[in-house]
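Here's query00.pdb, which has PDB, C-alpha atoms:
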ATOM      1  CA  MET A 860     189.501 155.349 233.552
ATOM      2  CA  SER A 861     186.710 153.205 234.858
ATOM      3  CA  ASP A 862     186.804 149.511 235.590
ATOM      4  CA  GLY A 863     184.478 147.462 233.388
ATOM      5  CA  GLY A 864     181.841 150.130 233.096
ATOM      6  CA  ALA A 865     180.618 152.726 235.556
ATOM      7  CA  GLY A 866     182.986 154.918 237.513
ATOM      8  CA  ALA A 867     185.664 157.517 236.954
ATOM      9  CA  LYS A 868     187.273 157.559 233.533
ATOM     10  CA  GLY A 869     190.667 158.797 232.433
ATOM     11  CA  ALA A 870     193.528 158.247 229.974
ATOM     12  CA  GLY A 871     192.201 161.383 228.311
ATOM     13  CA  PHE A 872     189.656 159.489 226.222
ATOM     14  CA  GLY A 873     187.511 157.449 228.599
ATOM     15  CA  MET A 874     188.839 153.918 228.041
ATOM     16  CA  PRO A 875     187.406 151.588 230.719
ATOM     17  CA  ARG A 876     190.193 149.932 232.704
ATOM     18  CA  VAL A 877     188.949 146.387 232.045
ATOM     19  CA  GLY A 878     187.975 145.227 228.574
ATOM     20  CA  MET A 879     186.752 141.934 227.168
ATOM     21  CA  GLY A 880     188.955 140.328 224.520
ATOM     22  CA  THR A 881     187.536 138.395 221.589
ATOM     23  CA  ALA A 882     190.535 136.723 219.928
ATOM     24  CA  VAL A 883     189.384 133.156 219.275
ATOM     25  CA  GLN A 884     190.557 130.187 217.232
ATOM     26  CA  GLY A 885     188.444 130.071 214.073
ATOM     27  CA  PRO A 886     185.205 131.935 213.272
ATOM     28  CA  ARG A 887     182.593 131.549 216.030
ATOM     29  CA  PRO A 888     180.107 134.379 215.461
ATOM     30  CA  GLU A 889     177.174 133.075 217.506
ATOM     31  CA  PRO A 890     179.146 132.240 220.702
ATOM     32  CA  ILE A 891     180.849 135.641 220.454
ATOM     33  CA  ARG A 892     177.534 137.472 220.080
ATOM     34  CA  ARG A 893     176.064 135.663 223.092
ATOM     35  CA  ALA A 894     179.208 136.214 225.169
ATOM     36  CA  VAL A 895     179.258 139.952 224.435
ATOM     37  CA  LEU A 896     175.613 140.267 225.472
ATOM     38  CA  LYS A 897     176.365 138.401 228.723
ATOM     39  CA  ALA A 898     179.383 140.625 229.300
ATOM     40  CA  ILE A 899     177.301 143.774 228.849
ATOM     41  CA  GLU A 900     174.843 142.423 231.429
ATOM     42  CA  ALA A 901     177.783 141.720 233.777
ATOM     43  CA  GLY A 902     178.995 145.312 233.475
ATOM     44  CA  TYR A 903     181.612 145.271 230.693
ATOM     45  CA  ARG A 904     181.618 148.301 228.420
ATOM     46  CA  HIS A 905     185.005 147.921 226.695
ATOM     47  CA  PHE A 906     185.306 145.314 223.916
ATOM     48  CA  ASP A 907     188.541 144.531 222.103
ATOM     49  CA  THR A 908     188.477 143.091 218.588
ATOM     50  CA  ALA A 909     190.558 143.145 215.401
ATOM     51  CA  ALA A 910     190.138 142.546 211.690
ATOM     52  CA  HIS A 911     192.349 139.484 212.132
ATOM     53  CA  TYR A 912     190.087 137.973 214.815
ATOM     54  CA  GLU A 913     186.993 137.939 212.556
ATOM     55  CA  THR A 914     184.877 138.915 215.573
ATOM     56  CA  GLU A 915     183.897 142.463 214.592
ATOM     57  CA  ALA A 916     180.520 141.513 213.092
ATOM     58  CA  PRO A 917     179.150 139.592 216.121
ATOM     59  CA  ILE A 918     180.302 142.395 218.442
ATOM     60  CA  GLY A 919     178.394 144.875 216.308
ATOM     61  CA  GLU A 920     175.317 142.654 216.321
ATOM     62  CA  ALA A 921     175.463 142.265 220.105
ATOM     63  CA  ALA A 922     175.869 146.027 220.570
ATOM     64  CA  ALA A 923     172.819 146.747 218.411
ATOM     65  CA  GLU A 924     170.815 144.095 220.262
ATOM     66  CA  ALA A 925     171.860 145.560 223.643
ATOM     67  CA  VAL A 926     170.589 148.981 222.559
ATOM     68  CA  ARG A 927     167.288 147.516 221.322
ATOM     69  CA  SER A 928     166.761 145.605 224.580
ATOM     70  CA  GLY A 929     167.598 148.608 226.746
ATOM     71  CA  ALA A 930     170.659 146.957 228.308
ATOM     72  CA  ILE A 931     172.539 150.104 227.236
ATOM     73  CA  ALA A 932     171.106 153.447 226.189
ATOM     74  CA  SER A 933     173.138 153.824 222.995
ATOM     75  CA  ARG A 934     176.303 152.841 221.121
ATOM     76  CA  ALA A 935     178.038 155.683 222.973
ATOM     77  CA  ASP A 936     177.861 153.626 226.186
ATOM     78  CA  LEU A 937     180.406 151.186 224.741
ATOM     79  CA  PHE A 938     184.130 151.546 224.087
ATOM     80  CA  ILE A 939     185.124 149.552 221.002
ATOM     81  CA  THR A 940     188.750 148.865 220.057
ATOM     82  CA  SER A 941     189.756 147.299 216.752
ATOM     83  CA  LYS A 942     193.057 146.808 214.960
ATOM     84  CA  LEU A 943     194.678 147.187 211.553
ATOM     85  CA  TRP A 944     196.044 143.869 210.254
ATOM     86  CA  CYS A 945     199.567 143.634 208.807
ATOM     87  CA  SER A 946     198.470 143.136 205.194
ATOM     88  CA  ASP A 947     196.654 146.487 205.387
ATOM     89  CA  ALA A 948     199.603 148.259 207.044
ATOM     90  CA  HIS A 949     200.268 150.340 203.936
ATOM     91  CA  ARG A 950     199.497 154.038 203.522
ATOM     92  CA  ASP A 951     196.752 153.544 200.926
ATOM     93  CA  ARG A 952     195.097 150.594 202.690
ATOM     94  CA  VAL A 953     194.623 151.911 206.250
ATOM     95  CA  LEU A 954     191.517 154.020 205.660
ATOM     96  CA  PRO A 955     189.775 151.378 203.500
ATOM     97  CA  ALA A 956     190.574 148.768 206.175
ATOM     98  CA  LEU A 957     188.994 150.893 208.883
ATOM     99  CA  ARG A 958     185.936 151.524 206.719
ATOM    100  CA  GLN A 959     185.568 147.736 206.325
ATOM    101  CA  THR A 960     185.895 147.304 210.104
ATOM    102  CA  LEU A 961     183.123 149.873 210.587
ATOM    103  CA  ARG A 962     180.907 148.039 208.082
ATOM    104  CA  ASN A 963     181.554 144.816 209.999
ATOM    105  CA  LEU A 964     180.661 146.505 213.290
ATOM    106  CA  GLN A 965     177.732 148.433 211.757
ATOM    107  CA  MET A 966     179.101 151.511 213.527
ATOM    108  CA  GLU A 967     180.072 155.015 212.480
ATOM    109  CA  TYR A 968     183.302 155.076 214.488
ATOM    110  CA  VAL A 969     185.565 153.036 216.744
ATOM    111  CA  ASP A 970     186.729 154.475 220.037
ATOM    112  CA  LEU A 971     190.280 153.219 219.499
ATOM    113  CA  TYR A 972     192.040 151.963 216.359
ATOM    114  CA  LEU A 973     195.397 150.250 216.777
ATOM    115  CA  VAL A 974     198.210 149.145 214.480
ATOM    116  CA  HIS A 975     198.168 145.428 215.353
ATOM    117  CA  TRP A 976     201.906 144.778 214.805
ATOM    118  CA  PRO A 977     204.895 146.819 213.585
ATOM    119  CA  VAL A 978     204.818 144.485 210.587
ATOM    120  CA  SER A 979     203.651 144.825 206.968
ATOM    121  CA  MET A 980     202.675 141.972 204.701
ATOM    122  CA  LYS A 981     201.606 141.815 201.096
ATOM    123  CA  PRO A 982     197.964 142.864 200.634
ATOM    124  CA  GLY A 983     195.533 139.975 200.973
ATOM    125  CA  ARG A 984     197.624 137.905 203.421
ATOM    126  CA  TYR A 985     195.246 137.398 206.332
ATOM    127  CA  LYS A 986     195.619 133.730 207.220
ATOM    128  CA  ALA A 987     198.600 131.843 208.659
ATOM    129  CA  PRO A 988     200.842 130.121 207.903
ATOM    130  CA  PHE A 989     202.898 132.984 206.506
ATOM    131  CA  THR A 990     206.030 132.584 204.418
ATOM    132  CA  ALA A 991     209.098 134.784 203.985
ATOM    133  CA  ASP A 992     207.649 136.059 200.706
ATOM    134  CA  ASP A 993     204.650 137.534 202.528
ATOM    135  CA  PHE A 994     206.658 140.127 204.471
ATOM    136  CA  VAL A 995     207.610 143.577 203.237
ATOM    137  CA  PRO A 996     209.302 146.479 205.091
ATOM    138  CA  PHE A 997     207.095 148.332 207.580
ATOM    139  CA  ASP A 998     206.867 152.040 206.664
ATOM    140  CA  MET A 999     205.991 153.343 210.120
ATOM    141  CA  ARG A1000     205.695 156.990 209.092
ATOM    142  CA  ALA A1001     203.391 156.298 206.130
ATOM    143  CA  VAL A1002     201.152 153.960 208.131
ATOM    144  CA  TRP A1003     200.925 156.403 211.018
ATOM    145  CA  GLU A1004     200.042 159.332 208.735
ATOM    146  CA  ALA A1005     197.133 157.242 207.435
ATOM    147  CA  MET A1006     196.117 156.400 211.027
ATOM    148  CA  GLU A1007     196.127 160.127 211.822
ATOM    149  CA  GLU A1008     193.797 160.686 208.856
ATOM    150  CA  CYS A1009     191.381 158.114 210.323
ATOM    151  CA  HIS A1010     191.322 160.144 213.538
ATOM    152  CA  GLN A1011     190.949 163.471 211.750
ATOM    153  CA  LEU A1012     187.959 162.116 209.817
ATOM    154  CA  GLY A1013     186.279 161.126 213.108
ATOM    155  CA  LEU A1014     186.278 157.433 212.226
ATOM    156  CA  ALA A1015     188.586 156.605 215.145
ATOM    157  CA  LYS A1016     188.184 158.659 218.316
ATOM    158  CA  ALA A1017     191.715 157.677 219.350
ATOM    159  CA  ILE A1018     194.596 155.863 217.652
ATOM    160  CA  GLY A1019     197.452 153.787 218.966
ATOM    161  CA  VAL A1020     199.716 150.796 218.464
ATOM    162  CA  CYS A1021     200.265 147.244 219.672
ATOM    163  CA  ASN A1022     203.458 145.329 220.322
ATOM    164  CA  PHE A1023     205.778 148.334 219.996
ATOM    165  CA  SER A1024     209.122 148.132 221.794
ATOM    166  CA  CYS A1025     210.579 151.174 223.573
ATOM    167  CA  LYS A1026     212.737 151.842 220.522
ATOM    168  CA  LYS A1027     209.851 151.664 218.052
ATOM    169  CA  LEU A1028     207.632 153.789 220.289
ATOM    170  CA  ASP A1029     210.367 156.421 220.589
ATOM    171  CA  THR A1030     210.742 156.436 216.797
ATOM    172  CA  LEU A1031     206.997 156.915 216.323
ATOM    173  CA  LEU A1032     206.837 159.703 218.896
ATOM    174  CA  SER A1033     209.693 161.501 217.123
ATOM    175  CA  PHE A1034     207.521 162.325 214.096
ATOM    176  CA  ALA A1035     203.869 161.714 215.052
ATOM    177  CA  THR A1036     201.606 164.749 214.717
ATOM    178  CA  ILE A1037     199.034 162.896 216.823
ATOM    179  CA  PRO A1038     200.879 160.730 219.360
ATOM    180  CA  PRO A1039     199.582 157.222 220.037
ATOM    181  CA  ALA A1040     197.099 157.140 222.908
ATOM    182  CA  VAL A1041     197.795 153.478 223.696
ATOM    183  CA  ASN A1042     200.422 150.760 223.325
ATOM    184  CA  GLN A1043     198.691 147.393 223.740
ATOM    185  CA  VAL A1044     201.285 144.816 224.733
ATOM    186  CA  GLU A1045     201.668 141.559 226.625
ATOM    187  CA  VAL A1046     201.737 142.248 230.379
ATOM    188  CA  ASN A1047     201.484 139.730 233.211
ATOM    189  CA  PRO A1048     203.482 138.840 236.330
ATOM    190  CA  VAL A1049     205.841 136.726 234.193
ATOM    191  CA  TRP A1050     206.422 139.599 231.703
ATOM    192  CA  GLN A1051     206.101 142.799 233.691
ATOM    193  CA  GLN A1052     207.282 145.365 231.083
ATOM    194  CA  ARG A1053     208.959 147.688 233.617
ATOM    195  CA  LYS A1054     211.128 149.537 231.086
ATOM    196  CA  LEU A1055     208.285 150.053 228.613
ATOM    197  CA  ARG A1056     205.890 151.192 231.333
ATOM    198  CA  GLU A1057     208.397 153.794 232.517
ATOM    199  CA  LEU A1058     208.706 155.175 228.979
ATOM    200  CA  CYS A1059     204.945 155.161 228.436
ATOM    201  CA  ARG A1060     204.348 157.040 231.696
ATOM    202  CA  GLU A1061     206.949 159.604 230.730
ATOM    203  CA  LYS A1062     205.430 160.100 227.260
ATOM    204  CA  GLY A1063     201.764 159.965 228.265
ATOM    205  CA  VAL A1064     200.999 156.704 226.427
ATOM    206  CA  GLN A1065     198.538 154.353 228.144
ATOM    207  CA  ILE A1066     199.602 150.703 228.362
ATOM    208  CA  CYS A1067     196.827 148.222 227.697
ATOM    209  CA  ALA A1068     197.723 144.705 228.814
ATOM    210  CA  TYR A1069     196.807 141.683 226.765
ATOM    211  CA  SER A1070     197.259 138.108 228.005
ATOM    212  CA  PRO A1071     197.346 139.204 231.668
ATOM    213  CA  LEU A1072     196.875 135.538 232.622
ATOM    214  CA  GLY A1073     199.464 134.175 230.161
ATOM    215  CA  ALA A1074     197.047 133.052 227.414
ATOM    216  CA  SER A1075     197.074 129.434 228.551
ATOM    217  CA  GLY A1076     195.195 127.319 226.026
ATOM    218  CA  THR A1077     196.161 129.357 222.964
ATOM    219  CA  HIS A1078     198.649 128.058 220.394
ATOM    220  CA  TRP A1079     201.333 130.453 221.689
ATOM    221  CA  GLY A1080     200.332 130.827 225.344
ATOM    222  CA  SER A1081     201.757 129.351 228.531
ATOM    223  CA  ASP A1082     200.537 128.117 231.907
ATOM    224  CA  SER A1083     203.553 129.730 233.601
ATOM    225  CA  VAL A1084     201.403 132.546 235.003
ATOM    226  CA  MET A1085     198.485 130.520 236.334
ATOM    227  CA  ALA A1086     200.821 127.799 237.648
ATOM    228  CA  SER A1087     203.099 130.223 239.502
ATOM    229  CA  ALA A1088     203.657 129.038 243.082
ATOM    230  CA  VAL A1089     204.082 132.663 244.218
ATOM    231  CA  LEU A1090     200.737 133.711 242.750
ATOM    232  CA  ARG A1091     198.985 130.617 244.083
ATOM    233  CA  ASP A1092     200.311 131.290 247.576
ATOM    234  CA  ILE A1093     199.178 134.934 247.502
ATOM    235  CA  ALA A1094     195.757 133.953 246.145
ATOM    236  CA  GLN A1095     195.257 131.362 248.878
ATOM    237  CA  SER A1096     196.245 133.796 251.631
ATOM    238  CA  LYS A1097     193.817 136.450 250.326
ATOM    239  CA  GLY A1098     190.894 134.162 249.539
ATOM    240  CA  LYS A1099     191.112 135.156 245.867
ATOM    241  CA  THR A1100     191.738 133.225 242.671
ATOM    242  CA  VAL A1101     195.121 133.278 240.925
ATOM    243  CA  ALA A1102     193.424 135.105 238.037
ATOM    244  CA  GLN A1103     192.157 137.838 240.375
ATOM    245  CA  VAL A1104     195.619 138.305 241.891
ATOM    246  CA  CYS A1105     197.157 138.610 238.395
ATOM    247  CA  LEU A1106     194.534 141.060 237.214
ATOM    248  CA  ARG A1107     194.765 143.108 240.415
ATOM    249  CA  TRP A1108     198.550 143.308 239.980
ATOM    250  CA  VAL A1109     198.164 144.617 236.406
ATOM    251  CA  TYR A1110     195.452 147.032 237.566
ATOM    252  CA  GLU A1111     197.755 148.402 240.279
ATOM    253  CA  GLN A1112     200.396 149.191 237.616
ATOM    254  CA  GLY A1113     197.938 151.690 236.146
ATOM    255  CA  ASP A1114     197.443 149.622 232.987
ATOM    256  CA  CYS A1115     194.199 148.871 231.218
ATOM    257  CA  LEU A1116     193.700 145.141 230.815
ATOM    258  CA  ILE A1117     191.993 142.845 228.344
ATOM    259  CA  VAL A1118     190.498 139.683 229.820
ATOM    260  CA  LYS A1119     188.887 136.861 227.872
ATOM    261  CA  SER A1120     186.374 134.403 229.187
ATOM    262  CA  PHE A1121     183.016 133.427 227.749
ATOM    263  CA  ASP A1122     181.990 131.843 231.052
ATOM    264  CA  GLU A1123     179.581 134.181 232.850
ATOM    265  CA  ALA A1124     180.852 133.414 236.364
ATOM    266  CA  ARG A1125     184.447 134.059 235.292
ATOM    267  CA  MET A1126     183.431 137.246 233.511
ATOM    268  CA  ARG A1127     182.123 138.576 236.817
ATOM    269  CA  GLU A1128     185.115 137.215 238.737
ATOM    270  CA  ASN A1129     187.469 139.071 236.371
ATOM    271  CA  LEU A1130     185.726 142.348 237.178
ATOM    272  CA  ASP A1131     186.067 141.757 240.936
ATOM    273  CA  ILE A1132     189.502 143.356 241.243
ATOM    274  CA  VAL A1133     188.575 146.641 242.925
ATOM    275  CA  GLY A1134     187.878 147.298 246.583
ATOM    276  CA  TRP A1135     190.941 145.314 247.722
ATOM    277  CA  GLU A1136     194.661 145.525 247.093
ATOM    278  CA  LEU A1137     197.924 143.649 247.302
ATOM    279  CA  THR A1138     200.223 144.308 250.243
ATOM    280  CA  GLU A1139     203.685 145.759 249.702
ATOM    281  CA  GLU A1140     205.194 142.382 250.620
ATOM    282  CA  GLU A1141     203.008 140.639 248.014
ATOM    283  CA  ARG A1142     204.006 143.205 245.379
ATOM    284  CA  GLN A1143     207.670 142.554 246.165
ATOM    285  CA  ARG A1144     207.178 138.806 245.840
ATOM    286  CA  ILE A1145     205.548 139.290 242.420
ATOM    287  CA  ALA A1146     208.367 141.638 241.397
ATOM    288  CA  GLY A1147     210.795 138.777 242.067
ATOM    289  CA  ILE A1148     209.120 136.326 239.647
ATOM    290  CA  PRO A1149     211.603 135.364 236.862
ATOM    291  CA  GLN A1150     210.759 137.168 233.620
ATOM    292  CA  ARG A1151     210.059 135.482 230.281
ATOM    293  CA  LYS A1152     208.150 136.846 227.317
ATOM    294  CA  ILE A1153     205.405 134.442 226.283
ATOM    295  CA  ASN A1154     204.171 135.876 222.967
ATOM    296  CA  ARG A1155     207.442 136.138 221.054
ATOM    297  CA  ALA A1156     205.771 136.278 217.614
ATOM    298  CA  LEU A1157     208.196 133.976 215.840
ATOM    299  CA  ARG A1158     205.852 133.866 212.846
ATOM    300  CA  PHE A1159     207.030 137.366 211.878
ATOM    301  CA  VAL A1160     210.716 136.399 211.886
ATOM    302  CA  SER A1161     212.343 135.157 208.674
ATOM    303  CA  ASP A1162     215.850 134.960 207.255
ATOM    304  CA  HIS A1163     214.579 136.729 204.147
ATOM    305  CA  GLY A1164     212.145 139.202 205.747
ATOM    306  CA  PRO A1165     212.570 142.622 207.398
ATOM    307  CA  TYR A1166     212.922 140.991 210.846
ATOM    308  CA  LYS A1167     215.636 138.338 210.703
ATOM    309  CA  SER A1168     215.618 137.565 214.432
ATOM    310  CA  LEU A1169     213.518 138.060 217.543
ATOM    311  CA  ASP A1170     216.039 140.712 218.600
ATOM    312  CA  ASP A1171     215.240 142.614 215.389
ATOM    313  CA  LEU A1172     211.500 142.423 216.005
ATOM    314  CA  TRP A1173     211.678 143.410 219.672
ATOM    315  CA  ASP A1174     214.821 145.593 219.424
ATOM    316  CA  GLY A1175     216.617 143.436 221.986
ATOM    317  CA  GLU A1176     213.849 144.016 224.562
ATOM    318  CA  ILE A1177     213.129 140.328 225.065
TER     319      ILE A1177
END
Do you think you could lay out the structure here as structure tokens?
Amino acid sequence: MSDGGAGAKGAGFGMPRVGMGTAVQGPRPEPIRRAVLKAIEAGYRHFDTAAHYETEAPIGEAAAEAVRSGAIASRADLFITSKLWCSDAHRDRVLPALRQTLRNLQMEYVDLYLVHWPVSMKPGRYKAPFTADDFVPFDMRAVWEAMEECHQLGLAKAIGVCNFSCKKLDTLLSFATIPPAVNQVEVNPVWQQRKLRELCREKGVQICAYSPLGASGTHWGSDSVMASAVLRDIAQSKGKTVAQVCLRWVYEQGDCLIVKSFDEARMRENLDIVGWELTEEERQRIAGIPQRKINRALRFVSDHGPYKSLDDLWDGEI
């Protein structure tokens, strides 16, 4: 894999190691379009979106504009990830959902299409708050067969999942004809995902880390990563920012990582994680940080739904 853009690629399908995330609160098409154009200028080539984010259209517009301006030679220079929302996680709705995503992006294919959550909701339920009546059982096999069809049709160059526990990933791998290329999950120094990473390495599934800085400022995020005394001390001793230390740590695990900043200076700072490394002592200090999952996804838990507790949703891996 490469970093943001140029360089060696891997993971079997050329996913750049650093991608730009576009999950935002409320529709903001023009700021997203401008930010994506700035990111392309800064060297980003991997952009992460989702039907649920409502940011597919401005990403598509920015990509087309970047081709017209000569900032990139063609659409093929970009790696675009999008995701299937829970209300479309039904066998007969997956392909139509991807076709809508492609219309939004004004593209013929996505490089990676992910099942956003191991959760199904009634069709049409896109906006929170969700109620117990919105949730229906998740038919993993049926949804995955439809995802495989998307790949076979050439509409998704690769397919994968998000937020799958070890148990759910093992279940999927037990019947998948096309195994998932990626499991996109929360990874940061406060939630290091050691057990899941070991399984993914063994099975050849690439981890892609979201919220590598703890998602401070979001409705579910935490400042526990950026406020960590251990990370601040390491950053000060290396002349780096806390964000750079976090991102370098994730990078050294072999994970891809999704970063999100619309500030141009920070965009460039978030790419500056190669050409230096953490010492073994620093890695050990980070390994000793107390672990706590930040994105617990309580909104998918209901006394009357398929997941009656967080342990049900995460299979005790929390």
Quick one: residues within 8 Å of A:Ala910, all atoms listed in the file counted, chain neighbours fewer than 4 positions away excluded, as a list in words? Thr914, Glu915, Ser941, Lys942, Leu943, Trp944 and Thr960 of chain A
Could the residues in this selection be written to a file with C-alpha atoms, as a PDB file, in the frame of the given file?
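What follows is the written file selection-v8.pdb:
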ATOM      1  CA  THR A 914     184.877 138.915 215.573  1.00  0.00           C
ATOM      2  CA  GLU A 915     183.897 142.463 214.592  1.00  0.00           C
ATOM      3  CA  SER A 941     189.756 147.299 216.752  1.00  0.00           C
ATOM      4  CA  LYS A 942     193.057 146.808 214.960  1.00  0.00           C
ATOM      5  CA  LEU A 943     194.678 147.187 211.553  1.00  0.00           C
ATOM      6  CA  TRP A 944     196.044 143.869 210.254  1.00  0.00           C
ATOM      7  CA  THR A 960     185.895 147.304 210.104  1.00  0.00           C
TER       8      THR A 960
END
List every protein, DNA or RNA residue with an atom no more than 10 Å from (196.4, 142.4, 233.0) in the file's coordinates, counting all atoms listed in the file, and format the result as a JSON list (two decimals) with C-alpha atoms, keeping the file's coordinate frame.
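out-v4.json was written with the following content:
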[["chain", "number", "residue", "atom", "x", "y", "z"],
["A", 876, "ARG", "CA", 190.19, 149.93, 232.70],
["A", 877, "VAL", "CA", 188.95, 146.39, 232.04],
["A", 878, "GLY", "CA", 187.98, 145.23, 228.57],
["A", 1044, "VAL", "CA", 201.28, 144.82, 224.73],
["A", 1045, "GLU", "CA", 201.67, 141.56, 226.62],
["A", 1046, "VAL", "CA", 201.74, 142.25, 230.38],
["A", 1047, "ASN", "CA", 201.48, 139.73, 233.21],
["A", 1048, "PRO", "CA", 203.48, 138.84, 236.33],
["A", 1051, "GLN", "CA", 206.10, 142.80, 233.69],
["A", 1067, "CYS", "CA", 196.83, 148.22, 227.70],
["A", 1068, "ALA", "CA", 197.72, 144.71, 228.81],
["A", 1069, "TYR", "CA", 196.81, 141.68, 226.76],
["A", 1070, "SER", "CA", 197.26, 138.11, 228.00],
["A", 1071, "PRO", "CA", 197.35, 139.20, 231.67],
["A", 1072, "LEU", "CA", 196.88, 135.54, 232.62],
["A", 1073, "GLY", "CA", 199.46, 134.18, 230.16],
["A", 1102, "ALA", "CA", 193.42, 135.10, 238.04],
["A", 1103, "GLN", "CA", 192.16, 137.84, 240.38],
["A", 1104, "VAL", "CA", 195.62, 138.30, 241.89],
["A", 1105, "CYS", "CA", 197.16, 138.61, 238.40],
["A", 1106, "LEU", "CA", 194.53, 141.06, 237.21],
["A", 1107, "ARG", "CA", 194.76, 143.11, 240.42],
["A", 1108, "TRP", "CA", 198.55, 143.31, 239.98],
["A", 1109, "VAL", "CA", 198.16, 144.62, 236.41],
["A", 1110, "TYR", "CA", 195.45, 147.03, 237.57],
["A", 1111, "GLU", "CA", 197.76, 148.40, 240.28],
["A", 1112, "GLN", "CA", 200.40, 149.19, 237.62],
["A", 1113, "GLY", "CA", 197.94, 151.69, 236.15],
["A", 1114, "ASP", "CA", 197.44, 149.62, 232.99],
["A", 1115, "CYS", "CA", 194.20, 148.87, 231.22],
["A", 1116, "LEU", "CA", 193.70, 145.14, 230.82],
["A", 1117, "ILE", "CA", 191.99, 142.84, 228.34],
["A", 1118, "VAL", "CA", 190.50, 139.68, 229.82]]
Shell of 7 Å around stretch 993-1002 of chain A, only C-alpha atoms, local chain residues under 2 positions omitted, as a short mmCIF file (atom, residue, chain, number, x, y, z; two decimals) with C-alpha atoms, in the coordinates of the input:
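out.cif was written with the following content:
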data_model
loop_
_atom_site.label_atom_id
_atom_site.label_comp_id
_atom_site.auth_asym_id
_atom_site.auth_seq_id
_atom_site.Cartn_x
_atom_site.Cartn_y
_atom_site.Cartn_z
CA ALA A 948 199.60 148.26 207.04
CA HIS A 949 200.27 150.34 203.94
CA ARG A 950 199.50 154.04 203.52
CA PRO A 977 204.90 146.82 213.58
CA VAL A 978 204.82 144.49 210.59
CA SER A 979 203.65 144.82 206.97
CA MET A 980 202.68 141.97 204.70
CA LYS A 981 201.61 141.82 201.10
CA PHE A 989 202.90 132.98 206.51
CA THR A 990 206.03 132.58 204.42
CA ALA A 991 209.10 134.78 203.98
CA GLU A 1004 200.04 159.33 208.74
CA ALA A 1005 197.13 157.24 207.44
CA MET A 1006 196.12 156.40 211.03
CA GLY A 1164 212.14 139.20 205.75
CA PRO A 1165 212.57 142.62 207.40
#
Can you pull out the residues contacting stretch 879-882 of chain A? Cut-off 6 Å, using only C-alpha atoms, and skip same-chain residues under 2 positions away; I want them as a short mmCIF file (atom, residue, chain, number, x, y, z; two decimals) with C-alpha atoms, in the coordinates of the input.
data_model
loop_
_atom_site.label_atom_id
_atom_site.label_comp_id
_atom_site.auth_asym_id
_atom_site.auth_seq_id
_atom_site.Cartn_x
_atom_site.Cartn_y
_atom_site.Cartn_z
CA PHE A 906 185.31 145.31 223.92
CA ASP A 907 188.54 144.53 222.10
CA THR A 908 188.48 143.09 218.59
CA TYR A 912 190.09 137.97 214.82
CA ILE A 1117 191.99 142.84 228.34
CA VAL A 1118 190.50 139.68 229.82
CA LYS A 1119 188.89 136.86 227.87
#
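For the set A:Ala1094, A:Leu1032, A:Ile1037, A:Leu1172, the residue with the smallest atom-to-atom gap to A:Leu1058 is A:Leu1032, counting all atoms listed in the file.
Listed by chain and then by number, the residues chosen by the PyMOL selection byres ((chain A and resi 961-963) around 9) in this file are Thr914, Glu915, Ala916, Pro917, Ile918, Gly919, Ala956, Leu957, Arg958, Gln959, Thr960, Leu964, Gln965, Met966, Glu967, Tyr968, Val969 and Leu1014 of chain A.
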Pick out the closest residue to A:Lys897 from this set: A:Glu1057, A:Asp1092, A:Asp1122, A:Glu1176. Count all atoms listed in the file.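 Closest to A:Lys897 of all the choices is A:Asp1122.
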Figure out the distance between atom CA of A:Ser1120 and atom CA of A:Glu889, please, to one decimal in Å. 14.9 Å
Counting only C-alpha atoms, which of A:Thr940, A:Ser1083, A:Ser1033, A:Ser946 gets nearest to A:Asp970?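 Closest residue, counting only C-alpha atoms: A:Thr940.
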Show me, as a PyMOL selection string, the residues that have an atom within 12 Å of A:Phe1121 when counting all atoms listed in the file, minus same-chain residues fewer than 6 positions from it. chain A and resi 879-883+887+889-899+901+1127-1129
I need the residues from that last selection saved to file as a CSV table (one decimal), in the coordinates of the input (with C-alpha atoms), if you can.
chain,number,residue,atom,x,y,z
A,879,MET,CA,186.8,141.9,227.2
A,880,GLY,CA,189.0,140.3,224.5
A,881,THR,CA,187.5,138.4,221.6
A,882,ALA,CA,190.5,136.7,219.9
A,883,VAL,CA,189.4,133.2,219.3
A,887,ARG,CA,182.6,131.5,216.0
A,889,GLU,CA,177.2,133.1,217.5
A,890,PRO,CA,179.1,132.2,220.7
A,891,ILE,CA,180.8,135.6,220.5
A,892,ARG,CA,177.5,137.5,220.1
A,893,ARG,CA,176.1,135.7,223.1
A,894,ALA,CA,179.2,136.2,225.2
A,895,VAL,CA,179.3,140.0,224.4
A,896,LEU,CA,175.6,140.3,225.5
A,897,LYS,CA,176.4,138.4,228.7
A,898,ALA,CA,179.4,140.6,229.3
A,899,ILE,CA,177.3,143.8,228.8
A,901,ALA,CA,177.8,141.7,233.8
A,1127,ARG,CA,182.1,138.6,236.8
A,1128,GLU,CA,185.1,137.2,238.7
A,1129,ASN,CA,187.5,139.1,236.4
Which residue, A:Arg1091, A:Asp1174, A:Gly1013, A:Tyr972, has the smallest gap to A:Gln1043 when you use only C-alpha atoms? A:Tyr972
For A:Ile1153, the closest of A:Asp1082, A:Glu1007, A:Glu1123, A:Glu1139 counting all atoms listed in the file is A:Asp1082
Evaluate the PyMOL selection byres ((chain A and resi 1016) around 6) and record the selected residues as a PyMOL selection string, following the chain and residue labels used in the document. chain A and resi 970-971+1010+1015+1017
What is the distance, in Å and to one decimal place, between atom CA of A:Ala923 and atom CA of A:Ala935?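 Distance reported for this atom pair: 11.3 Å.
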For atom CA of A:Gly1134 and atom CA of A:Gly902, quote the distance in Å rounded to one decimal. 16.0 Å
